[in-house]
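What's in work11.cif: mmCIF, C-alpha atoms and all ligand atoms
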```
data_work
loop_
_atom_site.label_atom_id
_atom_site.label_comp_id
_atom_site.auth_asym_id
_atom_site.auth_seq_id
_atom_site.Cartn_x
_atom_site.Cartn_y
_atom_site.Cartn_z
CA MET A 1 -10.21 -93.63 39.04
CA ASN A 2 -9.65 -89.92 39.39
CA THR A 3 -7.53 -89.09 42.45
CA PHE A 4 -9.25 -85.73 42.87
CA GLU A 5 -12.80 -87.04 42.67
CA GLN A 6 -13.90 -85.77 46.12
CA PHE A 7 -12.67 -82.27 45.34
CA GLU A 8 -13.97 -82.12 41.81
CA GLN A 9 -17.35 -83.59 42.72
CA HIS A 10 -18.07 -81.75 45.95
CA GLU A 11 -16.01 -78.57 46.10
CA SER A 12 -17.08 -75.40 44.30
CA GLY A 13 -15.35 -74.38 41.10
CA ILE A 14 -14.06 -71.36 43.03
CA ARG A 15 -11.01 -73.42 44.09
CA SER A 16 -7.88 -72.01 42.53
CA TYR A 17 -4.37 -72.79 43.89
CA CYS A 18 -5.11 -76.54 43.78
CA ARG A 19 -5.46 -76.24 40.01
CA SER A 20 -1.81 -75.21 39.74
CA PHE A 21 -0.65 -77.93 42.13
CA PRO A 22 -2.75 -81.01 41.39
CA VAL A 23 -1.62 -83.32 44.21
CA VAL A 24 -3.05 -84.08 47.65
CA PHE A 25 -0.79 -82.79 50.41
CA LYS A 26 -0.78 -84.57 53.72
CA GLN A 27 2.11 -83.24 55.76
CA ALA A 28 4.27 -80.17 55.96
CA ARG A 29 7.44 -79.28 57.84
CA GLY A 30 9.50 -76.12 57.62
CA ALA A 31 9.81 -75.23 53.94
CA GLU A 32 8.63 -78.63 52.78
CA LEU A 33 5.24 -79.94 51.63
CA ILE A 34 4.67 -83.70 51.44
CA THR A 35 1.97 -85.44 49.41
CA ARG A 36 -0.12 -88.43 50.40
CA GLU A 37 2.23 -90.57 48.28
CA GLY A 38 5.24 -89.24 50.16
CA LYS A 39 6.60 -86.96 47.43
CA SER A 40 8.27 -83.88 48.81
CA TYR A 41 8.12 -80.32 47.42
CA ILE A 42 9.93 -77.17 48.46
CA ASP A 43 7.31 -74.57 49.33
CA PHE A 44 7.94 -71.20 47.65
CA LEU A 45 4.31 -70.17 48.09
CA ALA A 46 4.06 -70.63 51.86
CA GLY A 47 0.38 -69.88 52.10
CA ALA A 48 0.82 -66.72 50.00
CA GLY A 49 3.09 -65.34 52.71
CA THR A 50 1.25 -66.80 55.70
CA LEU A 51 3.99 -69.22 56.74
CA ASN A 52 6.99 -66.95 57.27
CA TYR A 53 8.18 -69.24 60.07
CA GLY A 54 7.51 -72.37 58.01
CA HIS A 55 5.06 -75.20 58.50
CA ASN A 56 4.66 -76.60 62.00
CA HIS A 57 7.54 -74.72 63.57
CA PRO A 58 8.48 -76.89 66.61
CA VAL A 59 8.57 -73.98 69.10
CA LEU A 60 5.15 -72.68 68.03
CA LYS A 61 3.70 -76.18 67.82
CA LYS A 62 4.84 -76.99 71.34
CA ALA A 63 3.35 -73.76 72.71
CA LEU A 64 0.01 -74.63 71.10
CA ILE A 65 0.03 -78.28 72.23
CA ASP A 66 0.85 -77.23 75.80
CA TYR A 67 -1.98 -74.68 75.71
CA LEU A 68 -4.45 -77.30 74.43
CA GLU A 69 -3.28 -79.89 76.99
CA ASN A 70 -4.02 -77.31 79.66
CA ASP A 71 -7.57 -76.67 78.39
CA GLY A 72 -6.71 -73.09 77.45
CA LEU A 73 -9.60 -71.10 75.99
CA THR A 74 -10.14 -71.69 72.27
CA HIS A 75 -12.95 -69.24 71.66
CA GLY A 76 -14.01 -66.36 73.83
CA LEU A 77 -15.46 -63.64 71.56
CA ASP A 78 -13.44 -60.60 72.60
CA MET A 79 -13.40 -61.38 76.30
CA TYR A 80 -10.23 -60.93 78.33
CA SER A 81 -8.18 -64.11 78.22
CA ASP A 82 -4.81 -65.03 79.59
CA ALA A 83 -3.55 -65.78 76.05
CA LYS A 84 -4.72 -62.38 74.78
CA GLU A 85 -3.08 -60.57 77.68
CA ARG A 86 0.24 -62.27 76.90
CA PHE A 87 -0.05 -61.38 73.22
CA LEU A 88 -0.87 -57.71 73.95
CA GLU A 89 2.02 -57.39 76.39
CA THR A 90 4.51 -59.18 74.11
CA PHE A 91 3.50 -57.39 70.89
CA HIS A 92 3.78 -54.02 72.61
CA ARG A 93 7.13 -54.82 74.25
CA VAL A 94 8.82 -56.66 71.36
CA ILE A 95 7.40 -54.90 68.30
CA LEU A 96 5.63 -51.57 68.91
CA GLU A 97 7.65 -49.92 71.69
CA PRO A 98 11.14 -50.42 70.15
CA ARG A 99 9.88 -49.06 66.81
CA GLY A 100 8.45 -45.83 68.20
CA LEU A 101 4.87 -47.09 67.82
CA GLY A 102 4.28 -47.57 71.54
CA ASP A 103 1.21 -45.37 71.48
CA HIS A 104 -0.57 -47.36 68.76
CA VAL A 105 -3.47 -49.42 70.09
CA ILE A 106 -4.48 -52.82 68.77
CA GLN A 107 -7.89 -53.71 67.37
CA PHE A 108 -8.70 -57.38 66.90
CA SER A 109 -10.83 -57.48 63.78
CA GLY A 110 -12.32 -60.58 62.21
CA PRO A 111 -9.57 -63.08 61.44
CA THR A 112 -8.93 -62.29 57.76
CA GLY A 113 -6.80 -59.64 56.14
CA ALA A 114 -9.82 -58.28 54.31
CA ASN A 115 -11.63 -57.78 57.60
CA SER A 116 -8.77 -55.75 59.07
CA VAL A 117 -8.74 -53.61 55.90
CA GLU A 118 -12.52 -53.10 56.23
CA ALA A 119 -12.01 -52.01 59.84
CA ALA A 120 -9.16 -49.65 58.89
CA LEU A 121 -11.17 -47.98 56.11
CA LYS A 122 -14.26 -47.71 58.31
CA LEU A 123 -12.27 -46.13 61.13
CA ALA A 124 -10.60 -43.62 58.78
CA ARG A 125 -14.00 -42.63 57.39
CA LYS A 126 -15.55 -42.38 60.83
CA VAL A 127 -12.75 -40.27 62.29
CA THR A 128 -12.53 -37.82 59.35
CA GLY A 129 -16.20 -37.78 58.39
CA ARG A 130 -15.14 -38.22 54.75
CA SER A 131 -15.82 -41.21 52.53
CA ASN A 132 -13.28 -41.07 49.70
CA ILE A 133 -10.15 -43.23 49.98
CA ILE A 134 -7.05 -43.07 47.79
CA SER A 135 -5.66 -46.43 46.72
CA PHE A 136 -3.09 -47.33 44.12
CA THR A 137 -2.82 -49.02 40.75
CA ASN A 138 -2.13 -52.75 41.17
CA GLY A 139 -2.85 -52.58 44.91
CA PHE A 140 -4.47 -55.61 46.55
CA HIS A 141 -6.39 -55.29 49.81
CA GLY A 142 -8.85 -58.19 49.91
CA CYS A 143 -12.13 -59.38 48.39
CA THR A 144 -14.89 -58.02 50.64
CA ILE A 145 -16.68 -55.04 49.12
CA GLY A 146 -14.89 -52.21 50.95
CA ALA A 147 -11.45 -53.76 50.57
CA LEU A 148 -12.24 -54.79 47.00
CA ALA A 149 -13.10 -51.20 46.08
CA ALA A 150 -9.51 -50.32 47.04
CA THR A 151 -8.12 -53.31 45.10
CA GLY A 152 -7.05 -52.94 41.47
CA ASN A 153 -7.28 -56.53 40.24
CA GLN A 154 -9.84 -56.82 37.45
CA HIS A 155 -10.59 -60.53 38.00
CA HIS A 156 -11.58 -59.94 41.63
CA ARG A 157 -13.38 -56.65 40.99
CA GLY A 158 -15.44 -58.30 38.28
CA ALA A 159 -17.04 -60.62 40.83
CA ALA A 160 -18.25 -57.81 43.14
CA GLY A 161 -21.77 -57.67 41.73
CA VAL A 162 -22.26 -54.12 43.00
CA PRO A 163 -20.58 -50.81 42.15
CA LEU A 164 -17.24 -50.43 43.91
CA ALA A 165 -17.35 -46.87 45.13
CA GLU A 166 -15.69 -44.15 47.20
CA VAL A 167 -12.14 -44.87 46.08
CA SER A 168 -9.93 -42.65 43.89
CA ARG A 169 -7.20 -44.63 42.14
CA MET A 170 -3.79 -43.00 41.91
CA PRO A 171 -0.59 -44.16 40.16
CA TYR A 172 1.76 -46.13 42.42
CA ALA A 173 5.49 -45.31 42.62
CA ASN A 174 7.09 -45.61 39.16
CA TYR A 175 3.77 -46.52 37.54
CA PHE A 176 4.64 -44.16 34.67
CA GLY A 177 8.35 -44.94 34.85
CA LYS A 178 11.14 -43.39 36.88
CA ASP A 179 10.77 -39.91 35.42
CA VAL A 180 7.19 -39.24 36.44
CA ASN A 181 6.71 -37.98 39.99
CA THR A 182 3.41 -39.56 40.99
CA ILE A 183 3.40 -37.74 44.35
CA ALA A 184 3.51 -34.34 42.60
CA MET A 185 0.69 -35.56 40.38
CA MET A 186 -1.45 -36.45 43.42
CA ASP A 187 -0.57 -33.18 45.11
CA LYS A 188 -1.83 -31.23 42.12
CA LEU A 189 -5.08 -33.22 41.94
CA LEU A 190 -5.68 -32.79 45.66
CA SER A 191 -4.86 -29.08 45.60
CA ASP A 192 -7.26 -28.32 42.77
CA PRO A 193 -10.80 -27.97 44.18
CA SER A 194 -12.21 -28.73 40.75
CA SER A 195 -9.99 -31.71 39.88
CA GLY A 196 -12.90 -34.02 40.60
CA VAL A 197 -11.03 -35.91 43.34
CA ASP A 198 -13.08 -35.54 46.51
CA LYS A 199 -11.06 -34.82 49.65
CA PRO A 200 -10.07 -38.26 50.95
CA ALA A 201 -10.27 -39.68 54.45
CA ALA A 202 -7.14 -41.75 53.93
CA VAL A 203 -4.57 -43.26 51.61
CA ILE A 204 -4.10 -47.04 51.70
CA VAL A 205 -0.80 -48.37 50.37
CA GLU A 206 1.40 -51.48 50.25
CA VAL A 207 5.11 -50.72 50.56
CA VAL A 208 5.77 -53.77 48.36
CA GLN A 209 2.76 -54.79 46.26
CA GLY A 210 2.39 -58.52 46.90
CA GLU A 211 -0.37 -59.61 44.54
CA GLY A 212 0.24 -56.64 42.24
CA GLY A 213 3.60 -58.01 41.09
CA LEU A 214 6.28 -57.00 43.62
CA ASN A 215 6.29 -53.32 42.70
CA THR A 216 8.23 -51.47 45.39
CA ALA A 217 7.95 -47.98 46.83
CA SER A 218 11.24 -46.33 47.81
CA ALA A 219 11.84 -44.78 51.23
CA GLU A 220 11.81 -41.38 49.54
CA TRP A 221 8.45 -42.01 47.87
CA MET A 222 6.95 -43.24 51.15
CA ARG A 223 8.26 -40.20 53.03
CA LYS A 224 6.78 -37.91 50.39
CA LEU A 225 3.49 -39.80 50.58
CA GLU A 226 3.44 -39.32 54.34
CA LYS A 227 4.09 -35.58 53.86
CA LEU A 228 1.31 -35.43 51.28
CA CYS A 229 -1.04 -37.06 53.81
CA ARG A 230 -0.13 -34.44 56.42
CA LYS A 231 -0.53 -31.58 53.92
CA HIS A 232 -3.99 -32.69 52.80
CA ASP A 233 -5.13 -33.95 56.19
CA MET A 234 -5.48 -37.59 55.07
CA LEU A 235 -4.69 -40.60 57.24
CA LEU A 236 -1.90 -42.90 56.08
CA ILE A 237 -2.86 -46.57 56.14
CA VAL A 238 -0.09 -49.08 55.42
CA ASP A 239 -1.44 -52.48 54.47
CA ASP A 240 1.37 -54.71 55.75
CA ILE A 241 -0.63 -57.92 55.58
CA GLN A 242 1.76 -59.58 53.14
CA ALA A 243 4.94 -57.48 53.35
CA GLY A 244 4.93 -57.40 57.17
CA CYS A 245 6.06 -59.93 59.80
CA GLY A 246 9.62 -59.96 58.47
CA ARG A 247 9.08 -60.61 54.77
CA THR A 248 11.10 -57.61 53.58
CA GLY A 249 13.88 -58.01 56.18
CA SER A 250 12.37 -56.11 59.12
CA PHE A 251 9.16 -56.69 61.08
CA PHE A 252 7.29 -53.90 59.28
CA SER A 253 8.03 -53.21 55.62
CA PHE A 254 8.35 -49.45 56.27
CA GLU A 255 10.56 -49.70 59.33
CA GLU A 256 13.75 -48.15 57.97
CA MET A 257 11.93 -45.47 56.00
CA GLY A 258 11.40 -43.06 58.88
CA ILE A 259 7.63 -42.90 58.49
CA LYS A 260 4.90 -43.46 61.06
CA PRO A 261 1.64 -44.70 59.52
CA ASP A 262 -1.54 -43.63 61.30
CA ILE A 263 -3.08 -47.06 60.73
CA ILE A 264 -1.42 -50.43 59.96
CA THR A 265 -3.10 -53.69 59.01
CA LEU A 266 -1.45 -57.06 59.73
CA SER A 267 -2.58 -60.62 59.16
CA LYS A 268 -1.14 -63.50 57.06
CA SER A 269 2.03 -64.47 59.04
CA LEU A 270 0.98 -62.77 62.28
CA SER A 271 -0.09 -65.98 64.02
CA GLY A 272 3.09 -67.59 62.72
CA PHE A 273 1.42 -70.96 62.46
CA GLY A 274 -1.03 -70.41 59.63
CA LEU A 275 -3.91 -69.78 62.04
CA PRO A 276 -6.42 -67.10 61.02
CA PHE A 277 -5.60 -63.85 62.79
CA ALA A 278 -5.71 -60.17 61.86
CA ILE A 279 -5.20 -56.87 63.66
CA VAL A 280 -5.42 -53.16 62.99
CA LEU A 281 -2.96 -50.84 64.72
CA PHE A 282 -3.69 -47.14 65.04
CA ARG A 283 -2.73 -44.02 66.93
CA ARG A 284 -4.55 -43.76 70.24
CA GLU A 285 -6.29 -40.48 69.25
CA LEU A 286 -7.93 -42.29 66.35
CA ASP A 287 -9.53 -44.82 68.67
CA GLN A 288 -13.02 -43.39 68.32
CA TRP A 289 -14.84 -46.70 68.07
CA GLU A 290 -17.92 -47.30 70.19
CA PRO A 291 -17.78 -50.74 71.88
CA GLY A 292 -18.54 -53.47 69.34
CA GLU A 293 -19.10 -51.09 66.42
CA HIS A 294 -17.03 -53.26 64.10
CA ASN A 295 -18.13 -56.61 65.43
CA GLY A 296 -17.33 -60.24 64.63
CA THR A 297 -17.65 -63.65 66.28
CA PHE A 298 -14.01 -64.53 65.70
CA ARG A 299 -12.25 -61.37 66.83
CA GLY A 300 -9.01 -62.57 68.20
CA ASN A 301 -8.22 -66.25 68.00
CA ASN A 302 -6.82 -67.59 71.25
CA HIS A 303 -4.76 -70.30 69.54
CA ALA A 304 -3.31 -67.62 67.28
CA PHE A 305 -2.51 -65.47 70.34
CA VAL A 306 -0.49 -68.39 71.71
CA THR A 307 1.49 -69.12 68.53
CA ALA A 308 1.95 -65.41 67.66
CA THR A 309 3.33 -64.74 71.14
CA ALA A 310 5.70 -67.72 70.85
CA ALA A 311 6.86 -66.47 67.43
CA LEU A 312 7.51 -62.95 68.75
CA GLU A 313 9.54 -64.30 71.68
CA HIS A 314 11.45 -66.76 69.51
CA PHE A 315 12.25 -64.62 66.46
CA TRP A 316 11.97 -60.94 67.30
CA THR A 317 13.62 -60.24 70.67
CA ASN A 318 16.96 -59.59 68.93
CA ASP A 319 18.04 -58.72 65.37
CA GLU A 320 19.48 -62.13 64.40
CA PHE A 321 16.38 -63.22 62.50
CA ALA A 322 16.09 -59.94 60.59
CA LYS A 323 19.76 -60.23 59.60
CA SER A 324 19.26 -63.80 58.37
CA ILE A 325 16.30 -62.68 56.22
CA GLN A 326 18.41 -59.93 54.68
CA ALA A 327 21.23 -62.41 53.94
CA LYS A 328 18.90 -65.00 52.42
CA GLY A 329 17.10 -62.31 50.41
CA LYS A 330 20.46 -61.29 48.97
CA LEU A 331 21.31 -64.90 48.16
CA ILE A 332 17.99 -65.45 46.36
CA LYS A 333 18.41 -62.19 44.47
CA GLU A 334 21.91 -63.16 43.28
CA ARG A 335 20.69 -66.55 42.12
CA MET A 336 17.74 -64.96 40.33
CA GLN A 337 19.99 -62.42 38.63
CA LYS A 338 22.12 -65.32 37.39
CA ILE A 339 19.01 -66.98 35.95
CA VAL A 340 18.10 -63.72 34.20
CA ARG A 341 21.59 -63.30 32.74
CA LYS A 342 21.56 -66.89 31.52
CA HIS A 343 18.07 -67.25 30.09
CA GLY A 344 16.84 -63.81 29.09
CA PRO A 345 18.95 -60.74 29.88
CA ASP A 346 16.74 -58.69 27.56
CA SER A 347 13.36 -60.12 28.46
CA LEU A 348 13.58 -61.00 32.18
CA TYR A 349 14.34 -58.95 35.28
CA VAL A 350 14.35 -59.36 39.06
CA LYS A 351 11.99 -57.30 41.20
CA GLY A 352 10.94 -57.00 44.83
CA ARG A 353 12.65 -56.53 48.19
CA GLY A 354 14.02 -58.79 50.93
CA MET A 355 12.49 -62.26 50.68
CA MET A 356 9.60 -60.88 48.66
CA ILE A 357 11.29 -61.18 45.32
CA GLY A 358 10.64 -62.60 41.89
CA ILE A 359 11.44 -62.68 38.19
CA ASN A 360 9.36 -60.62 35.77
CA CYS A 361 8.65 -62.59 32.57
CA PRO A 362 7.53 -61.22 29.21
CA ASP A 363 3.96 -62.45 29.80
CA GLY A 364 1.70 -64.49 32.04
CA ASP A 365 1.77 -67.58 29.81
CA ILE A 366 5.54 -67.84 30.13
CA ALA A 367 5.42 -67.29 33.90
CA ALA A 368 2.70 -69.96 34.24
CA ALA A 369 4.73 -72.41 32.12
CA ILE A 370 7.77 -71.82 34.34
CA CYS A 371 5.73 -72.49 37.49
CA ARG A 372 4.36 -75.71 35.91
CA GLU A 373 7.88 -76.89 35.02
CA ALA A 374 9.11 -76.00 38.50
CA PHE A 375 6.27 -77.96 40.09
CA GLU A 376 7.16 -81.03 38.03
CA ARG A 377 10.68 -80.74 39.42
CA GLY A 378 9.53 -80.45 43.05
CA LEU A 379 8.98 -76.74 43.68
CA VAL A 380 5.67 -75.09 44.60
CA ILE A 381 5.82 -71.53 43.27
CA GLU A 382 3.18 -69.11 41.97
CA THR A 383 2.86 -65.99 39.87
CA SER A 384 1.62 -62.51 40.71
CA GLY A 385 1.33 -59.22 38.85
CA ASN A 386 -1.11 -57.30 36.65
CA HIS A 387 -0.63 -59.88 33.89
CA SER A 388 0.36 -62.73 36.27
CA GLN A 389 3.81 -62.32 34.72
CA VAL A 390 5.98 -62.37 37.86
CA VAL A 391 7.34 -65.71 39.14
CA LYS A 392 7.20 -64.90 42.82
CA CYS A 393 9.31 -66.29 45.67
CA LEU A 394 7.53 -66.25 49.03
CA CYS A 395 9.42 -69.10 50.71
CA PRO A 396 9.38 -69.45 54.49
CA LEU A 397 11.93 -67.10 56.04
CA ILE A 398 13.38 -70.02 58.02
CA ILE A 399 14.33 -71.90 54.83
CA SER A 400 17.88 -73.32 54.80
CA GLU A 401 20.53 -72.21 52.32
CA GLU A 402 20.61 -75.77 50.95
CA GLN A 403 16.88 -75.61 50.24
CA ILE A 404 17.30 -72.22 48.58
CA ALA A 405 20.09 -73.65 46.39
CA LYS A 406 17.96 -76.64 45.44
CA ALA A 407 14.94 -74.46 44.63
CA MET A 408 17.07 -72.12 42.53
CA ASP A 409 18.50 -75.07 40.59
CA ILE A 410 14.90 -76.13 39.86
CA LEU A 411 13.95 -72.60 38.77
CA ASP A 412 17.05 -72.45 36.59
CA ALA A 413 16.04 -75.70 34.86
CA ALA A 414 12.44 -74.50 34.45
CA PHE A 415 13.58 -71.20 32.90
CA ALA A 416 16.04 -73.09 30.66
CA LYS A 417 13.24 -75.30 29.33
CA VAL A 418 10.58 -72.62 28.85
CA MET A 419 12.87 -69.88 27.49
CA THR A 420 14.44 -72.33 24.99
CA GLU A 421 10.96 -73.31 23.81
CA GLN A 422 10.22 -69.60 23.37
CA VAL A 423 13.26 -69.12 21.14
CA ASP A 424 12.39 -72.29 19.17
CA SER A 425 8.79 -71.23 18.58
CA GLN A 426 9.88 -67.76 17.46
CA ALA A 427 12.42 -69.27 15.05
CA SER A 428 9.91 -71.62 13.42
C1 LIG B 1 -3.76 -61.25 51.38
C2 LIG B 1 -3.87 -59.79 51.47
C3 LIG B 1 -5.06 -59.18 51.92
C4 LIG B 1 -6.32 -59.95 52.20
O1 LIG B 1 -6.17 -60.89 53.20
P1 LIG B 1 -7.24 -62.09 53.30
O2 LIG B 1 -6.88 -62.80 54.54
O3 LIG B 1 -7.03 -62.93 52.07
O4 LIG B 1 -8.59 -61.48 53.34
C5 LIG B 1 -5.06 -57.79 52.05
N1 LIG B 1 -3.99 -57.06 51.77
C6 LIG B 1 -2.84 -57.61 51.33
C7 LIG B 1 -1.66 -56.75 51.06
C8 LIG B 1 -2.74 -59.00 51.15
O5 LIG B 1 -1.63 -59.55 50.68
#
```
Let me see whether you can do it: turn the structure in this file into structure tokens.
Amino acid sequence: MNTFEQFEQHESGIRSYCRSFPVVFKQARGAELITREGKSYIDFLAGAGTLNYGHNHPVLKKALIDYLENDGLTHGLDMYSDAKERFLETFHRVILEPRGLGDHVIQFSGPTGANSVEAALKLARKVTGRSNIISFTNGFHGCTIGALAATGNQHHRGAAGVPLAEVSRMPYANYFGKDVNTIAMMDKLLSDPSSGVDKPAAVIVEVVQGEGGLNTASAEWMRKLEKLCRKHDMLLIVDDIQAGCGRTGSFFSFEEMGIKPDIITLSKSLSGFGLPFAIVLFRRELDQWEPGEHNGTFRGNNHAFVTATAALEHFWTNDEFAKSIQAKGKLIKERMQKIVRKHGPDSLYVKGRGMMIGINCPDGDIAAAICREAFERGLVIETSGNHSQVVKCLCPLIISEEQIAKAMDILDAAFAKVMTEQVDSQAS
């Protein structure tokens, strides 16, 4: 009998990650996933960056269990709740105020990343009265129509069913290599009234492109982009849904770059527990919404308020956690560089920042084969990139050094197997 009968019979063919990892998971702790049969895997996917604090973190779990035991509100539309008040106070005190963003207000959008992007784009268009948005090559912002229009990915765009409009695509940092200044290129297009690029309401950008293949923007590029926004009166939206919440080594991915985005979207690891939760942060002057204009039944998730607040108190009230991310990011990078030197110094390279880091392979087939080999050896890891060619590490930030070492040994073995096969097939 087929073990996956229920899924294959009753679930839509839209399912995707399960195809790469054909087992039934039953439990999860920290950086570990456990199947129904009791086989354990190290999780280097972590909900595509949703489980920065790992699965079932004991501090977050206890906060949630206590809240439930006490009959705390689960759902309350966007009414004032005790849990929301604590989140607002804690997020402002622990995150916004110390980072010079104390005057940014918080909008609770629907609970997905895409919904917070929709809200951000809508607000930018409403405030400026303009409809065009600049987004970048290989950017990913979600799969609802507005967010999808800003997304580059062909596979997702192809499913839209309607024209994806009101977005001008511009080349991301280093898209044409190190010698082409893509900011100067944009400046020229925006300065020429007949360039054909309508004056935009905003620019939406990822500081590290998560789904796009771990392309990174430098501090200098981001500062120039911010200047460009000021010069052409465009709002700067940083989509920090994947790169935020500590992934790059600081709470926000842009923190050490000396920029102040007008609008910021956050979701994925914000609840800390894998609960659906998304917010939009923006300068107070931009808060021109009428009550309920961007509505939604699940705006703010009280359980997510509870776990997010616990995560902020536990991880972000001093710099210890950020330092540990930076150290582990360095460790992973060194191990990956070793793999590159050993198995393909001319065909492989490491890319990304902090604990958002991966190995670029010659093509998507090789990267997929490496992920398959890794899975057989007990590691859940996925690809990203314009050709799905990047083997991408998104492990929980709380992962132990022993687990990192074990995962890197697995990756090393997977690269050894696949890259040797490559050489053999080229020789024959
Ligand atoms: C995942 C992601 C989104 C979309 O979030 P969903 O919750 O899947 O809708 C948007 N932007 C970025 C950068 C993401 O990584």
Handout entry: Contact residues around segment 168-171 of chain A with all atoms listed in the file at 12 Å, ignoring same-chain residues under 5 positions, as a PyMOL selection string
Key = chain A and resi 131-139+149-152+176-177+180-190+195-205+215+217+225
Practice task
May I ask you to write as number ranges by chain all residues lying at most 7 Å from ligand LIG 1 (chain B), with only C-alpha atoms and all ligand atoms counted?
Solution key: A: 112-115, 117, 140-143, 206, 209-211, 239-242, 267-268
I need every residue sitting at most 8 Å from the point (10.0, -59.3, 48.6) (coordinates as in the file, all atoms listed in the file considered), written as a PDB file with C-alpha atoms, in the frame of the given file.
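point39.pdb, freshly written:
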```pdb
ATOM      1  CA  VAL A 208       5.770 -53.770  48.360  1.00  0.00           C
ATOM      2  CA  GLY A 210       2.390 -58.520  46.900  1.00  0.00           C
ATOM      3  CA  LEU A 214       6.280 -57.000  43.620  1.00  0.00           C
ATOM      4  CA  ALA A 243       4.940 -57.480  53.350  1.00  0.00           C
ATOM      5  CA  ARG A 247       9.080 -60.610  54.770  1.00  0.00           C
ATOM      6  CA  THR A 248      11.100 -57.610  53.580  1.00  0.00           C
ATOM      7  CA  GLY A 329      17.100 -62.310  50.410  1.00  0.00           C
ATOM      8  CA  LYS A 351      11.990 -57.300  41.200  1.00  0.00           C
ATOM      9  CA  GLY A 352      10.940 -57.000  44.830  1.00  0.00           C
ATOM     10  CA  ARG A 353      12.650 -56.530  48.190  1.00  0.00           C
ATOM     11  CA  GLY A 354      14.020 -58.790  50.930  1.00  0.00           C
ATOM     12  CA  MET A 355      12.490 -62.260  50.680  1.00  0.00           C
ATOM     13  CA  MET A 356       9.600 -60.880  48.660  1.00  0.00           C
ATOM     14  CA  ILE A 357      11.290 -61.180  45.320  1.00  0.00           C
ATOM     15  CA  GLY A 358      10.640 -62.600  41.890  1.00  0.00           C
ATOM     16  CA  CYS A 393       9.310 -66.290  45.670  1.00  0.00           C
ATOM     17  CA  LEU A 394       7.530 -66.250  49.030  1.00  0.00           C
TER      18      LEU A 394
END
```
Practice task
Do a neighbour search on Glu285 of chain A at 10 Å with all atoms listed in the file, toss out local chain neighbours closer than 2 positions, and write the hits as a count of residues only.
Solution key: 9
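The interatomic distance for the pair atom CA of Arg125 of chain A and atom CA of Phe277 of chain A works out to 23.5 Å.
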Fill in the blank from the handout: Counting only C-alpha atoms, the residue among A:Leu164, A:Ile279, A:Ile381, A:Met419 that lies closest to Ile106 of chain A is A:Ile279
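Across the model, the gap from atom CA of Ala31 of chain A to atom CA of Ala304 of chain A is 20.2 Å.
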When you look at Val350 of chain A with a cut-off of 12 Å (counting all atoms listed in the file), what residues show up, excluding the ones that are within fewer than 5 positions of it in the same chain? I need them as a tab-separated table (two decimals) with C-alpha atoms, keeping the file's coordinate frame.
```
chain	number	residue	atom	x	y	z
A	213	GLY	CA	3.60	-58.01	41.09
A	214	LEU	CA	6.28	-57.00	43.62
A	215	ASN	CA	6.29	-53.32	42.70
A	216	THR	CA	8.23	-51.47	45.39
A	330	LYS	CA	20.46	-61.29	48.97
A	332	ILE	CA	17.99	-65.45	46.36
A	333	LYS	CA	18.41	-62.19	44.47
A	334	GLU	CA	21.91	-63.16	43.28
A	335	ARG	CA	20.69	-66.55	42.12
A	336	MET	CA	17.74	-64.96	40.33
A	337	GLN	CA	19.99	-62.42	38.63
A	338	LYS	CA	22.12	-65.32	37.39
A	339	ILE	CA	19.01	-66.98	35.95
A	340	VAL	CA	18.10	-63.72	34.20
A	341	ARG	CA	21.59	-63.30	32.74
A	344	GLY	CA	16.84	-63.81	29.09
A	345	PRO	CA	18.95	-60.74	29.88
A	356	MET	CA	9.60	-60.88	48.66
A	357	ILE	CA	11.29	-61.18	45.32
A	358	GLY	CA	10.64	-62.60	41.89
A	359	ILE	CA	11.44	-62.68	38.19
A	360	ASN	CA	9.36	-60.62	35.77
A	361	CYS	CA	8.65	-62.59	32.57
A	389	GLN	CA	3.81	-62.32	34.72
A	390	VAL	CA	5.98	-62.37	37.86
A	391	VAL	CA	7.34	-65.71	39.14
A	392	LYS	CA	7.20	-64.90	42.82
A	393	CYS	CA	9.31	-66.29	45.67
```
Exercise for the section: Compile the contact shell of segment 10-25 of chain A as a VMD selection string: residues with an atom at most 6 Å away, counting all atoms listed in the file, same-chain residues fewer than 2 positions apart removed. Expected result: chain A and resid 6 to 8 34 to 36
Could you write out the selected residues, including C-alpha atoms, as a CSV table (one decimal), in the coordinates of the input?
```csv
chain,number,residue,atom,x,y,z
A,6,GLN,CA,-13.9,-85.8,46.1
A,7,PHE,CA,-12.7,-82.3,45.3
A,8,GLU,CA,-14.0,-82.1,41.8
A,34,ILE,CA,4.7,-83.7,51.4
A,35,THR,CA,2.0,-85.4,49.4
A,36,ARG,CA,-0.1,-88.4,50.4
```
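Using all atoms listed in the file, the contacts of Ala63 of chain A at a cut-off of 7 Å, with sequence neighbours closer than 3 positions omitted, comprise Val59, Leu60, Asp66, Tyr67, Val306, Thr307 and Ala310 of chain A.
Across the model, the gap from atom CA of Ser425 of chain A to atom CA of Ala407 of chain A is 27.0 Å.
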Problem - Nearest-residue call for Gly300 of chain A, choices A:Ala83, A:Ile65, A:Ala416, A:Val238, using all atoms listed in the file - result: A:Ala83
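Distance annotation: of A:Pro261, A:Asp43, A:Lys84, A:Lys26, the residue with the minimal separation from His303 of chain A is A:Lys84; atom set is all atoms listed in the file.
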Exercise for the section: Using all atoms listed in the file, pick whichever of A:Thr3, A:Ser269, A:Thr74, A:Ser384 has the shortest atom-to-atom distance to Asn153 of chain A. Expected result: A:Ser384
